[in-house]
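Each remark here refers to the structure printed beneath this line.
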Amino acid sequence: MKTIFITLHNTFAIRNLFRSGALSVLLNEGDTRVVALVPEEKIPYYQKEFEDVIFERLPVEARDSWIERLFHFLTVDAIHTNSVKIQQYSQVLRFGSYASYLWKPIFFPAQRLVWHLGGFSWWRSFMRWVYGRLPSNYYGRLFDKYRPDLAFAANMINPDDYRLLLEAKRRNTKTMGMILSWDNLTTKSPLCVFPDRLIVHNPVIKEEAQKFAGYPLEKVVVTGIPQYDRYFQKRGIIGRDEFIKSIGGDPKKKLVLYAASGKASIAFDLDVVEIIQKGIVSGVLPADTQILVRPYPRYDFPKEKMAVVEKLPRVFIHSPVEHLGTGRDDWEFEEESLDFMVNSLFHADAVLAMSSTFLIESCVFDKPTISVLFDGYQKKGYYQSAKKLFDFEHLADIKKINALAFVFNEKELYDAINDALLHPERRKEERKNLVLRQCAFTDGKSAERVAKAILNYAR
């Protein structure tokens, strides 16, 4: 029997591996024992759902150590991308924070220096060499207890993942890692430790692993996006009448889906929703239109603004997750939540977002897709504005495909929604091209490919 360690420090990783079907393949197609390392407070919850998996506490102590904070600065700020450069300027120019006192004279120049150093492969290699020699025994007890055949880091961002890989390498245990999302290598993951094999969603991310981190291309495995399998399989879809009535809407009316994009857009999202609703009431948009708002899972809308928008007619706000308590990570994509997301996309007549992965997901369902790149009722400078978003590498890559309509003011927003509802066939070929570039595979078997890549290397 082969024993596989998997770090799962948030619900995105759980969704991508355990709720996508990959876990079933791991358990059913190999003589395999899966040991999942998760936050201690979630162990009882996961044990009820995944009875065939052994759960152990994820040692998170490393995250708060001064040495990890230092290396986060020296490596993440050294990711030599336009995305990180924009983030650094956005931080220093953010009004009303401690930036005014500390970032400008001290940390910002240091950030910029590190960013420039990150353009040199010798710097990245040196940081990786030093990091690999740090004393660490966070996982020693677990390795002694289970003696794993493979250590799999499902995120490749947190110290939890890197420390697991370091412990495995010191014990000559095979290692694998996975890039969780499309923006990780250009904004979050410097690959402080190279796993023996790296799983990525598509050839774009494969090239980024080599370009920005120096990872060998021949060790990269392209699998597709496992959490999108349910989209391609049309799994969990119910009738339009049933779905729209479940949110309190009218099945005979057009459904515009607005997906919040998280921290990048939270200051503007509800402004945009209000502007769309104003267009419906005033007659600029079709009267038979209603709006479904999907908040971003990890970030709550401002309460005062939320209270106003919730009362607007023809606006329905539905959380995409189940909350298990309080706090940033006390939520889960349960099956019911995932089914709701599939149905919201399938039954939408148009989809709007600023920079969310919904820009890809809506194209999977061939929906007219609009990217909102203005700040609602607010006027912000470039570095605090939605205007900057498509200068990030992962978004710039999809912009050139021309599958999305981009809007920069109210009039363009109204025109784009009207056109989407009247001519949904526009950009059909471009949407297909975007899906092929970002998803790599459209057969609904990406979770199986992920699992088989893990099993094949573990043998």
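Chain identifiers are assigned as A, B, and so on, following the order in which chains appear in the structure tokens; residues are numbered from 1 within each chain, and ligands are numbered from 1 in order of appearance.
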Practice problem: Name the residues of region 23-220 of chain A that fall into helix (DSSP H, G or I) according to DSSP on the backbone, using the chain letters and numbers of this document, as a VMD selection string. | Solution: chain A and resid 23 to 28 40 to 49 61 to 64 66 to 76 82 to 93 98 to 100 103 to 117 121 to 131 140 to 146 159 to 170 184 to 187 203 to 213 217 to 219
Practice problem: Excluding Leu257 (chain A) and residues on its chain fewer than 4 positions from it, collect all residues at most 8 Å away from it, counting only C-alpha atoms, and give them as a list of chain:residue names. | Solution: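 Skipping anything fewer than 4 positions along the chain leaves A:Ile291, A:Leu292, A:Val293, A:Arg294, A:Ser344, A:Leu345, A:Ala348, A:Asp349, A:Ala350, A:Val351, A:Leu352.
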Quiz item: Smallest atom-to-atom distance to Asn418 (chain A): which of A:Gly283, A:Pro295, A:Gly249, A:Gly376, using only C-alpha atoms?
Solution: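 Under the stated criterion, the closest residue is A:Gly283.
Residues of region 110-250 of chain A that DSSP places in strand (DSSP E), based on the backbone of this structure, are A:Leu150, A:Ala151, A:Phe152, A:Ala153, A:Lys174, A:Thr175, A:Met176, A:Gly177, A:Met178, A:Arg197, A:Leu198, A:Ile199, A:Val200, A:Val220, A:Val221, A:Val222.
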Self-check item: Top pick for closest residue to Phe126 (chain A), considering A:Leu421, A:Ala447, A:Leu113, A:Val193 and counting only C-alpha atoms
Solution: A:Val193
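Picture a line from CA of Met1 (chain A) to CA of Pro39 (chain A); it runs 25.8 Å.
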Quiz prompt | Nearest residue to Met156 (chain A) from the set A:Leu8, A:Arg235, A:Asp229, A:Arg431 (distances using only C-alpha atoms) | solution =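 With only C-alpha atoms as the atom set, the closest residue is A:Leu8.
Checking A:Arg33, A:His201, A:Arg427, A:Lys253 one by one against Tyr146 (chain A), counting only C-alpha atoms, you find the shortest gap at A:Arg33.
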Quiz item: Of the residues A:Gly248, A:Phe152, A:Asp288, A:Ser136, which is the one nearest to Ser65 (chain A), using only C-alpha atoms?
Solution: A:Ser136
Quiz item: Out of A:Asn433, A:Asn10, A:Ser20, A:Ser121, which residue has the shortest atom-to-atom distance to His80 (chain A) when counting only C-alpha atoms?
Solution: A:Ser121
Quiz item: Which value, in Å to one decimal, gives the distance between CA of Asn202 (chain A) and CA of Lys263 (chain A)?
Solution: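 It comes out at 25.0 Å.
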Exercise. Write out as a VMD selection string the residues lying within 8 Å of Ala62 (chain A), counting only C-alpha atoms and excluding same-chain residues fewer than 3 positions away.
Key: chain A and resid 59 65 68 138 159 to 160
Residues from last step as file, C-alpha atoms, as an mmCIF file, in the first residue's frame:
```cif
data_model
loop_
_atom_site.group_PDB
_atom_site.id
_atom_site.type_symbol
_atom_site.label_atom_id
_atom_site.label_comp_id
_atom_site.auth_asym_id
_atom_site.auth_seq_id
_atom_site.Cartn_x
_atom_site.Cartn_y
_atom_site.Cartn_z
ATOM 1 C CA PRO A 59 1.279 22.281 11.456
ATOM 2 C CA SER A 65 7.720 32.657 12.365
ATOM 3 C CA GLU A 68 8.975 32.775 7.082
ATOM 4 C CA TYR A 138 7.227 20.591 11.689
ATOM 5 C CA PRO A 159 4.987 27.646 4.258
ATOM 6 C CA ASP A 160 2.826 24.577 5.122
#
```
Quiz prompt | Asp161 (chain A) surroundings by only C-alpha atoms, 7 Å radius, close-in-sequence under 6 positions cut, as a ChimeraX atom specification | solution = /A:7,153,155
Exercise. Tell me which protein, DNA and RNA residues are within 9 Å of Leu285 (chain A), counting only C-alpha atoms, leaving out same-chain ones fewer than 6 positions away, and put them as a list of chain:residue names.
Key: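 Counting only the stated atoms, we get A:Ile276, A:Gln277, A:Lys278, A:Gly279, A:Tyr414, A:Asp415, A:Ile417, A:Asn418.
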